[in-house]
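Q: Handing over input-v7.txt, compact mmCIF, N, CA and C atoms.
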# COMPACT_ATOMS: atom_id res chain seq x y z
N MET A 100 62.33 -15.07 8.58
CA MET A 100 61.01 -14.84 9.13
C MET A 100 59.93 -15.09 8.06
N PHE A 101 60.11 -14.60 6.84
CA PHE A 101 59.09 -14.75 5.82
C PHE A 101 58.94 -16.20 5.37
N LEU A 102 60.03 -16.93 5.34
CA LEU A 102 59.94 -18.35 4.99
C LEU A 102 59.14 -19.11 6.04
N ARG A 103 59.34 -18.75 7.30
CA ARG A 103 58.59 -19.39 8.39
C ARG A 103 57.10 -19.06 8.25
N LEU A 104 56.77 -17.82 7.96
CA LEU A 104 55.37 -17.43 7.78
C LEU A 104 54.74 -18.13 6.58
N ALA A 105 55.49 -18.27 5.50
CA ALA A 105 54.98 -18.98 4.32
C ALA A 105 54.69 -20.44 4.66
N HIS A 106 55.58 -21.07 5.41
CA HIS A 106 55.38 -22.45 5.82
C HIS A 106 54.14 -22.57 6.72
N GLN A 107 54.00 -21.66 7.67
CA GLN A 107 52.85 -21.68 8.57
C GLN A 107 51.55 -21.50 7.79
N HIS A 108 51.57 -20.64 6.79
CA HIS A 108 50.39 -20.41 5.97
C HIS A 108 50.02 -21.68 5.20
N ARG A 109 51.01 -22.33 4.62
CA ARG A 109 50.74 -23.58 3.90
C ARG A 109 50.14 -24.62 4.84
N GLN A 110 50.67 -24.73 6.05
CA GLN A 110 50.15 -25.68 7.04
C GLN A 110 48.71 -25.34 7.40
N PHE A 111 48.44 -24.05 7.57
CA PHE A 111 47.09 -23.59 7.91
C PHE A 111 46.11 -23.99 6.81
N VAL A 112 46.47 -23.74 5.56
CA VAL A 112 45.59 -24.09 4.43
C VAL A 112 45.38 -25.59 4.38
N GLN A 113 46.42 -26.38 4.57
CA GLN A 113 46.28 -27.83 4.55
C GLN A 113 45.35 -28.31 5.67
N ASP A 114 45.49 -27.74 6.86
CA ASP A 114 44.61 -28.10 7.98
C ASP A 114 43.16 -27.74 7.66
N LEU A 115 42.97 -26.58 7.08
CA LEU A 115 41.62 -26.15 6.73
C LEU A 115 41.01 -27.07 5.68
N VAL A 116 41.78 -27.47 4.70
CA VAL A 116 41.29 -28.38 3.66
C VAL A 116 40.90 -29.73 4.28
N MET A 117 41.71 -30.26 5.17
CA MET A 117 41.37 -31.53 5.82
C MET A 117 40.08 -31.42 6.62
N ASN A 118 39.88 -30.30 7.30
CA ASN A 118 38.65 -30.10 8.07
C ASN A 118 37.44 -29.94 7.17
N LEU A 119 37.61 -29.31 6.02
CA LEU A 119 36.52 -29.19 5.06
C LEU A 119 36.11 -30.57 4.53
N GLN A 120 37.10 -31.41 4.26
CA GLN A 120 36.80 -32.76 3.79
C GLN A 120 36.01 -33.53 4.85
N ALA A 121 36.41 -33.41 6.09
CA ALA A 121 35.71 -34.09 7.18
C ALA A 121 34.29 -33.55 7.34
N LEU A 122 34.12 -32.24 7.24
CA LEU A 122 32.80 -31.64 7.37
C LEU A 122 31.88 -32.11 6.24
N ALA A 123 32.40 -32.22 5.04
CA ALA A 123 31.60 -32.69 3.92
C ALA A 123 31.12 -34.13 4.16
N ILE A 124 31.99 -34.97 4.72
CA ILE A 124 31.62 -36.35 5.02
C ILE A 124 30.51 -36.39 6.06
N VAL A 125 30.65 -35.60 7.12
CA VAL A 125 29.63 -35.57 8.18
C VAL A 125 28.30 -35.08 7.63
N LEU A 126 28.34 -34.02 6.83
CA LEU A 126 27.11 -33.49 6.25
C LEU A 126 26.43 -34.51 5.34
N GLU A 127 27.22 -35.22 4.54
CA GLU A 127 26.67 -36.26 3.67
C GLU A 127 25.99 -37.34 4.50
N ARG A 128 26.61 -37.74 5.59
CA ARG A 128 26.03 -38.77 6.45
C ARG A 128 24.75 -38.29 7.12
N ARG A 129 24.64 -36.98 7.29
CA ARG A 129 23.43 -36.41 7.90
C ARG A 129 22.34 -36.13 6.87
N GLY A 130 22.63 -36.41 5.62
CA GLY A 130 21.61 -36.27 4.60
C GLY A 130 21.67 -35.01 3.77
N TYR A 131 22.71 -34.22 3.92
CA TYR A 131 22.85 -33.00 3.14
C TYR A 131 23.77 -33.25 1.95
N PRO A 132 23.38 -32.85 0.75
CA PRO A 132 24.29 -32.97 -0.38
C PRO A 132 25.49 -32.04 -0.16
N ALA A 133 26.67 -32.62 -0.01
CA ALA A 133 27.87 -31.84 0.26
C ALA A 133 29.04 -32.44 -0.50
N SER A 134 30.01 -31.59 -0.81
CA SER A 134 31.21 -32.07 -1.49
C SER A 134 32.40 -31.19 -1.12
N CYS A 135 33.57 -31.76 -1.25
CA CYS A 135 34.81 -31.02 -1.04
C CYS A 135 35.81 -31.54 -2.06
N TYR A 136 36.18 -30.68 -2.98
CA TYR A 136 37.12 -31.04 -4.03
C TYR A 136 38.44 -30.33 -3.79
N THR A 137 39.53 -31.06 -4.00
CA THR A 137 40.87 -30.49 -3.89
C THR A 137 41.59 -30.65 -5.22
N CYS A 138 42.60 -29.84 -5.40
CA CYS A 138 43.41 -29.92 -6.62
C CYS A 138 44.74 -30.58 -6.27
N GLY A 139 44.97 -31.76 -6.78
CA GLY A 139 46.23 -32.45 -6.53
C GLY A 139 46.34 -33.02 -5.14
N ASP A 140 47.52 -33.55 -4.86
CA ASP A 140 47.77 -34.20 -3.56
C ASP A 140 48.33 -33.24 -2.52
N GLN A 141 48.66 -32.04 -2.90
CA GLN A 141 49.30 -31.08 -1.99
C GLN A 141 48.33 -30.48 -0.98
N MET A 142 47.03 -30.56 -1.26
CA MET A 142 45.99 -30.01 -0.39
C MET A 142 46.21 -28.53 -0.11
N ASN A 143 46.54 -27.78 -1.18
CA ASN A 143 46.76 -26.35 -0.99
C ASN A 143 45.58 -25.52 -1.46
N SER A 144 44.47 -26.19 -1.83
CA SER A 144 43.24 -25.48 -2.18
C SER A 144 42.08 -26.46 -2.14
N ALA A 145 40.87 -25.90 -1.93
CA ALA A 145 39.68 -26.74 -1.90
C ALA A 145 38.45 -25.91 -2.22
N SER A 146 37.46 -26.62 -2.74
CA SER A 146 36.15 -26.04 -2.99
C SER A 146 35.15 -26.91 -2.23
N PHE A 147 34.50 -26.33 -1.24
CA PHE A 147 33.52 -27.03 -0.40
C PHE A 147 32.15 -26.46 -0.71
N MET A 148 31.17 -27.34 -0.93
CA MET A 148 29.80 -26.90 -1.18
C MET A 148 28.83 -27.78 -0.42
N VAL A 149 27.76 -27.16 0.07
CA VAL A 149 26.69 -27.90 0.72
C VAL A 149 25.36 -27.25 0.36
N SER A 150 24.37 -28.10 0.11
CA SER A 150 23.02 -27.63 -0.14
C SER A 150 22.20 -27.84 1.13
N LEU A 151 21.59 -26.76 1.60
CA LEU A 151 20.78 -26.84 2.80
C LEU A 151 19.29 -26.95 2.47
N GLY A 152 19.00 -27.21 1.21
CA GLY A 152 17.61 -27.36 0.78
C GLY A 152 17.02 -26.04 0.32
N ASP A 153 15.84 -26.12 -0.28
CA ASP A 153 15.13 -24.93 -0.77
C ASP A 153 16.03 -23.99 -1.56
N ASN A 154 16.85 -24.56 -2.46
CA ASN A 154 17.78 -23.77 -3.30
C ASN A 154 18.72 -22.91 -2.47
N HIS A 155 19.11 -23.39 -1.31
CA HIS A 155 20.02 -22.69 -0.40
C HIS A 155 21.38 -23.39 -0.45
N LEU A 156 22.38 -22.69 -0.97
CA LEU A 156 23.70 -23.27 -1.20
C LEU A 156 24.78 -22.46 -0.50
N ILE A 157 25.72 -23.16 0.07
CA ILE A 157 26.88 -22.52 0.68
C ILE A 157 28.12 -23.03 -0.05
N ARG A 158 28.99 -22.10 -0.42
CA ARG A 158 30.25 -22.45 -1.07
C ARG A 158 31.38 -21.81 -0.27
N PHE A 159 32.38 -22.63 0.05
CA PHE A 159 33.54 -22.16 0.79
C PHE A 159 34.77 -22.51 -0.03
N LEU A 160 35.54 -21.50 -0.39
CA LEU A 160 36.76 -21.72 -1.18
C LEU A 160 37.97 -21.34 -0.36
N VAL A 161 39.00 -22.17 -0.46
CA VAL A 161 40.25 -21.86 0.23
C VAL A 161 41.40 -22.15 -0.73
N SER A 162 42.36 -21.23 -0.77
CA SER A 162 43.56 -21.41 -1.58
C SER A 162 44.63 -20.47 -1.02
N ASP A 163 45.79 -20.50 -1.66
CA ASP A 163 46.85 -19.56 -1.27
C ASP A 163 46.45 -18.11 -1.52
N TYR A 164 45.45 -17.91 -2.36
CA TYR A 164 45.03 -16.56 -2.72
C TYR A 164 43.98 -15.99 -1.79
N GLY A 165 43.35 -16.82 -0.99
CA GLY A 165 42.34 -16.31 -0.07
C GLY A 165 41.33 -17.35 0.34
N ILE A 166 40.41 -16.89 1.18
CA ILE A 166 39.37 -17.74 1.74
C ILE A 166 38.06 -16.99 1.59
N THR A 167 37.05 -17.64 1.02
CA THR A 167 35.74 -16.99 0.87
C THR A 167 34.60 -17.92 1.24
N TRP A 168 33.58 -17.34 1.81
CA TRP A 168 32.32 -18.00 2.12
C TRP A 168 31.27 -17.28 1.30
N THR A 169 30.54 -18.02 0.49
CA THR A 169 29.47 -17.43 -0.31
C THR A 169 28.20 -18.20 -0.03
N GLU A 170 27.16 -17.48 0.32
CA GLU A 170 25.87 -18.10 0.59
C GLU A 170 24.88 -17.61 -0.47
N MET A 171 24.18 -18.56 -1.09
CA MET A 171 23.27 -18.23 -2.17
C MET A 171 21.92 -18.90 -1.95
N ARG A 172 20.90 -18.23 -2.41
CA ARG A 172 19.56 -18.80 -2.41
C ARG A 172 18.90 -18.42 -3.73
N ASP A 173 18.32 -19.42 -4.38
CA ASP A 173 17.71 -19.20 -5.70
C ASP A 173 18.68 -18.54 -6.67
N ASP A 174 19.92 -19.02 -6.67
CA ASP A 174 20.98 -18.52 -7.55
C ASP A 174 21.32 -17.05 -7.34
N ARG A 175 20.96 -16.50 -6.20
CA ARG A 175 21.31 -15.12 -5.86
C ARG A 175 22.26 -15.12 -4.67
N GLU A 176 23.28 -14.33 -4.76
CA GLU A 176 24.25 -14.24 -3.67
C GLU A 176 23.65 -13.44 -2.52
N LEU A 177 23.56 -14.09 -1.36
CA LEU A 177 23.03 -13.43 -0.17
C LEU A 177 24.13 -12.78 0.65
N MET A 178 25.26 -13.49 0.75
CA MET A 178 26.33 -13.01 1.61
C MET A 178 27.66 -13.55 1.10
N LYS A 179 28.67 -12.70 1.14
CA LYS A 179 30.02 -13.13 0.79
C LYS A 179 30.96 -12.59 1.85
N LEU A 180 31.70 -13.51 2.47
CA LEU A 180 32.65 -13.15 3.51
C LEU A 180 34.03 -13.64 3.11
N GLU A 181 35.05 -13.00 3.63
CA GLU A 181 36.41 -13.40 3.33
C GLU A 181 37.22 -13.51 4.61
N GLY A 182 38.30 -14.27 4.53
CA GLY A 182 39.26 -14.38 5.62
C GLY A 182 38.67 -14.92 6.91
N ALA A 183 38.99 -14.24 8.01
CA ALA A 183 38.58 -14.69 9.34
C ALA A 183 37.06 -14.74 9.47
N GLU A 184 36.35 -13.79 8.85
CA GLU A 184 34.89 -13.81 8.91
C GLU A 184 34.32 -15.06 8.24
N ALA A 185 34.92 -15.46 7.13
CA ALA A 185 34.49 -16.67 6.42
C ALA A 185 34.71 -17.90 7.28
N ILE A 186 35.84 -17.96 7.94
CA ILE A 186 36.15 -19.10 8.82
C ILE A 186 35.20 -19.13 10.01
N SER A 187 34.87 -17.98 10.57
CA SER A 187 33.91 -17.91 11.68
C SER A 187 32.55 -18.43 11.26
N GLN A 188 32.12 -18.10 10.05
CA GLN A 188 30.84 -18.57 9.55
C GLN A 188 30.87 -20.09 9.34
N LEU A 189 32.01 -20.59 8.88
CA LEU A 189 32.18 -22.03 8.73
C LEU A 189 32.10 -22.73 10.08
N GLN A 190 32.68 -22.13 11.11
CA GLN A 190 32.60 -22.69 12.46
C GLN A 190 31.16 -22.73 12.95
N GLU A 191 30.39 -21.68 12.63
CA GLU A 191 28.98 -21.66 13.01
C GLU A 191 28.22 -22.81 12.35
N LEU A 192 28.51 -23.06 11.08
CA LEU A 192 27.89 -24.19 10.38
C LEU A 192 28.27 -25.50 11.06
N ALA A 193 29.54 -25.66 11.39
CA ALA A 193 30.00 -26.89 12.06
C ALA A 193 29.33 -27.06 13.42
N ASN A 194 29.16 -25.97 14.16
CA ASN A 194 28.49 -26.05 15.46
C ASN A 194 27.04 -26.47 15.32
N ILE A 195 26.35 -25.95 14.32
CA ILE A 195 24.96 -26.31 14.09
C ILE A 195 24.85 -27.79 13.73
N VAL A 196 25.78 -28.26 12.91
CA VAL A 196 25.77 -29.67 12.52
C VAL A 196 26.00 -30.55 13.74
N LYS A 197 26.90 -30.15 14.62
CA LYS A 197 27.17 -30.93 15.83
C LYS A 197 25.93 -31.03 16.72
N GLN A 198 25.16 -29.95 16.79
CA GLN A 198 24.00 -29.91 17.67
C GLN A 198 22.77 -30.55 17.06
N SER A 199 22.74 -30.68 15.73
CA SER A 199 21.53 -31.19 15.09
C SER A 199 21.40 -32.70 15.27
N ALA A 200 20.16 -33.14 15.24
CA ALA A 200 19.86 -34.57 15.36
C ALA A 200 20.17 -35.26 14.04
N PRO A 201 20.12 -36.59 14.01
CA PRO A 201 20.29 -37.31 12.74
C PRO A 201 19.32 -36.78 11.68
N PRO A 202 19.62 -37.00 10.42
CA PRO A 202 18.87 -36.36 9.35
C PRO A 202 17.40 -36.75 9.30
N THR A 203 16.59 -35.72 9.27
CA THR A 203 15.17 -35.87 9.00
C THR A 203 14.80 -34.66 8.16
N ILE A 204 13.65 -34.70 7.57
CA ILE A 204 13.22 -33.55 6.79
C ILE A 204 13.09 -32.33 7.68
N ALA A 205 12.56 -32.49 8.89
CA ALA A 205 12.41 -31.36 9.80
C ALA A 205 13.76 -30.80 10.21
N ALA A 206 14.74 -31.67 10.46
CA ALA A 206 16.09 -31.19 10.84
C ALA A 206 16.72 -30.45 9.67
N ASN A 207 16.56 -30.95 8.44
CA ASN A 207 17.10 -30.27 7.27
C ASN A 207 16.51 -28.88 7.14
N LYS A 208 15.21 -28.75 7.34
CA LYS A 208 14.56 -27.44 7.24
C LYS A 208 15.02 -26.52 8.36
N ALA A 209 15.21 -27.05 9.57
CA ALA A 209 15.66 -26.23 10.69
C ALA A 209 17.07 -25.71 10.43
N LEU A 210 17.95 -26.54 9.90
CA LEU A 210 19.31 -26.11 9.58
C LEU A 210 19.28 -25.05 8.49
N ALA A 211 18.47 -25.25 7.49
CA ALA A 211 18.39 -24.28 6.39
C ALA A 211 17.86 -22.94 6.88
N LYS A 212 16.92 -22.95 7.82
CA LYS A 212 16.36 -21.69 8.34
C LYS A 212 17.37 -20.90 9.15
N LYS A 213 18.31 -21.57 9.81
CA LYS A 213 19.31 -20.87 10.61
C LYS A 213 20.23 -20.02 9.75
N PHE A 214 20.33 -20.38 8.48
CA PHE A 214 21.17 -19.61 7.58
C PHE A 214 20.31 -18.78 6.73
Hey, can you dump this file as structure tokens for me?
A:
Amino acid sequence: MFLRLAHQHRQFVQDLVMNLQALAIVLERRGYPASCYTCGDQMNSASFMVSLGDNHLIRFLVSDYGITWTEMRDDRELMKLEGAEAISQLQELANIVKQSAPPTIAANKALAKKF
């Protein structure tokens, strides 16, 4: 049973890393500075960051040790979430990106205000 759970967890992390990479690409195409870095080819961890403008930064970390969402403005931590709450916040960001129009300064400001 535990080996099966460990395998499922590894698969979950790999799926999450692939989705973070895709989200970073979409955000870059929409005009937001975004990146997703992984360690090695195993895709067992990632660091995702996006700038929403006005010194507003979101960092999402995933690894075997945990999942965190950190939101900062002016180098101050506004919010830190872990686990399922962090993933829910990431989904909210993805939903906003899906609904937003192609990149304009007004759209960038509207996205930044939602967070």
Q: If we count all atoms listed in the file, what is near Ser150 (chain A) at a cut-off of 8 Å, once residues fewer than 4 positions away on the same chain are taken out, given as a ChimeraX atom specification?
A: /A:130-134,154-158,211
Q: Take the point (33.4, -30.5, -1.2) in the file's coordinates, draw a sphere of radius 8 Å around it, and report as a PyMOL selection string every protein, DNA or RNA residue with an atom inside or on it, counting all atoms listed in the file.
A: chain A and resi 119-120+122-124+133-137+145-149
Q: Per residue of region 111-170 of chain A within 8 Å of region 178-189 of chain A, what are the shortest atom pair and its distance in Å to one decimal, counting all atoms listed in the file, with rows by chain and residue number, as JSON lines?
A:
{"residue": "A:Phe159", "atom": "CA", "partner": "A:Ala185", "partner_atom": "C", "distance": 7.9}
{"residue": "A:Gly165", "atom": "C", "partner": "A:Gly182", "partner_atom": "N", "distance": 6.0}
{"residue": "A:Ile166", "atom": "C", "partner": "A:Gly182", "partner_atom": "N", "distance": 4.0}
{"residue": "A:Thr167", "atom": "CA", "partner": "A:Leu180", "partner_atom": "C", "distance": 4.4}
{"residue": "A:Trp168", "atom": "N", "partner": "A:Leu180", "partner_atom": "C", "distance": 3.9}
{"residue": "A:Thr169", "atom": "CA", "partner": "A:Lys179", "partner_atom": "CA", "distance": 4.5}
{"residue": "A:Glu170", "atom": "N", "partner": "A:Met178", "partner_atom": "C", "distance": 4.0}
Q: Around region 123-134 of chain A, fit a box with edges along x, y and z, padding it by 3 Å on each side, then list its centre and edge lengths in Å to one decimal as JSON.
A:
{"center_x": 27.0, "center_y": -35.0, "center_z": 3.3, "size_x": 16.8, "size_y": 13.6, "size_z": 15.7}
Q: Could you work out how far CA of Gln107 (chain A) lies from CA of Cys138 (chain A), giving the answer in Å with one decimal?
A: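 So the two atoms, CA of Cys138 (chain A) and CA of Gln107 (chain A), lie 19.7 Å apart.
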Q: Could you state the separation of atom C of Asp114 (chain A) and CA of Asn143 (chain A) in Å, given to one decimal place?
A: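 Between these atoms lies a distance of 9.5 Å.
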Q: So that I can check the secondary structure, give me every residue of region 130-210 of chain A assigned helix (DSSP H, G or I) by backbone DSSP, as a ChimeraX atom specification.
A: /A:182-198,204-210
Q: What is the atom N of Arg175 (chain A)-atom N of Leu151 (chain A) distance in Å, reported with one decimal?
A: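 Rounded to one decimal, the two atoms are 12.9 Å apart.
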Q: Going by DSSP on the backbone, which bits of chain A are strand (DSSP E)? Write them as a PyMOL selection string, please.
A: chain A and resi 133-137+145-152+155-162+165-172+175-181
Q: Complete region 155-170 of chain A with N, CA, C and O atoms (output as an mmCIF file, in the frame of the given file).
A:
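File produced: part_12.cif:
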data_model
loop_
_atom_site.group_PDB
_atom_site.id
_atom_site.type_symbol
_atom_site.label_atom_id
_atom_site.label_comp_id
_atom_site.auth_asym_id
_atom_site.auth_seq_id
_atom_site.Cartn_x
_atom_site.Cartn_y
_atom_site.Cartn_z
ATOM 1 N N HIS A 155 19.110 -23.390 -1.310
ATOM 2 C CA HIS A 155 20.020 -22.690 -0.400
ATOM 3 C C HIS A 155 21.380 -23.390 -0.450
ATOM 4 O O HIS A 155 21.513 -24.526 -0.026
ATOM 5 N N LEU A 156 22.380 -22.690 -0.970
ATOM 6 C CA LEU A 156 23.700 -23.270 -1.200
ATOM 7 C C LEU A 156 24.780 -22.460 -0.500
ATOM 8 O O LEU A 156 24.737 -21.228 -0.491
ATOM 9 N N ILE A 157 25.720 -23.160 0.070
ATOM 10 C CA ILE A 157 26.880 -22.520 0.680
ATOM 11 C C ILE A 157 28.120 -23.030 -0.050
ATOM 12 O O ILE A 157 28.278 -24.238 -0.243
ATOM 13 N N ARG A 158 28.990 -22.100 -0.420
ATOM 14 C CA ARG A 158 30.250 -22.450 -1.070
ATOM 15 C C ARG A 158 31.380 -21.810 -0.270
ATOM 16 O O ARG A 158 31.344 -20.633 0.052
ATOM 17 N N PHE A 159 32.380 -22.630 0.050
ATOM 18 C CA PHE A 159 33.540 -22.160 0.790
ATOM 19 C C PHE A 159 34.770 -22.510 -0.030
ATOM 20 O O PHE A 159 34.986 -23.672 -0.359
ATOM 21 N N LEU A 160 35.540 -21.500 -0.390
ATOM 22 C CA LEU A 160 36.760 -21.720 -1.180
ATOM 23 C C LEU A 160 37.970 -21.340 -0.360
ATOM 24 O O LEU A 160 37.967 -20.315 0.339
ATOM 25 N N VAL A 161 39.000 -22.170 -0.460
ATOM 26 C CA VAL A 161 40.250 -21.860 0.230
ATOM 27 C C VAL A 161 41.400 -22.150 -0.730
ATOM 28 O O VAL A 161 41.397 -23.139 -1.447
ATOM 29 N N SER A 162 42.360 -21.230 -0.770
ATOM 30 C CA SER A 162 43.560 -21.410 -1.580
ATOM 31 C C SER A 162 44.630 -20.470 -1.020
ATOM 32 O O SER A 162 44.393 -19.732 -0.069
ATOM 33 N N ASP A 163 45.790 -20.500 -1.660
ATOM 34 C CA ASP A 163 46.850 -19.560 -1.270
ATOM 35 C C ASP A 163 46.450 -18.110 -1.520
ATOM 36 O O ASP A 163 47.024 -17.201 -0.956
ATOM 37 N N TYR A 164 45.450 -17.910 -2.360
ATOM 38 C CA TYR A 164 45.030 -16.560 -2.720
ATOM 39 C C TYR A 164 43.980 -15.990 -1.790
ATOM 40 O O TYR A 164 43.730 -14.794 -1.800
ATOM 41 N N GLY A 165 43.350 -16.820 -0.990
ATOM 42 C CA GLY A 165 42.340 -16.310 -0.070
ATOM 43 C C GLY A 165 41.330 -17.350 0.340
ATOM 44 O O GLY A 165 41.359 -18.499 -0.090
ATOM 45 N N ILE A 166 40.410 -16.890 1.180
ATOM 46 C CA ILE A 166 39.370 -17.740 1.740
ATOM 47 C C ILE A 166 38.060 -16.990 1.590
ATOM 48 O O ILE A 166 37.964 -15.820 1.985
ATOM 49 N N THR A 167 37.050 -17.640 1.020
ATOM 50 C CA THR A 167 35.740 -16.990 0.870
ATOM 51 C C THR A 167 34.600 -17.920 1.240
ATOM 52 O O THR A 167 34.679 -19.121 1.019
ATOM 53 N N TRP A 168 33.580 -17.340 1.810
ATOM 54 C CA TRP A 168 32.320 -18.000 2.120
ATOM 55 C C TRP A 168 31.270 -17.280 1.300
ATOM 56 O O TRP A 168 31.132 -16.059 1.388
ATOM 57 N N THR A 169 30.540 -18.020 0.490
ATOM 58 C CA THR A 169 29.470 -17.430 -0.310
ATOM 59 C C THR A 169 28.200 -18.200 -0.030
ATOM 60 O O THR A 169 28.178 -19.425 -0.128
ATOM 61 N N GLU A 170 27.160 -17.480 0.320
ATOM 62 C CA GLU A 170 25.870 -18.100 0.590
ATOM 63 C C GLU A 170 24.880 -17.610 -0.470
ATOM 64 O O GLU A 170 24.784 -16.410 -0.731
#
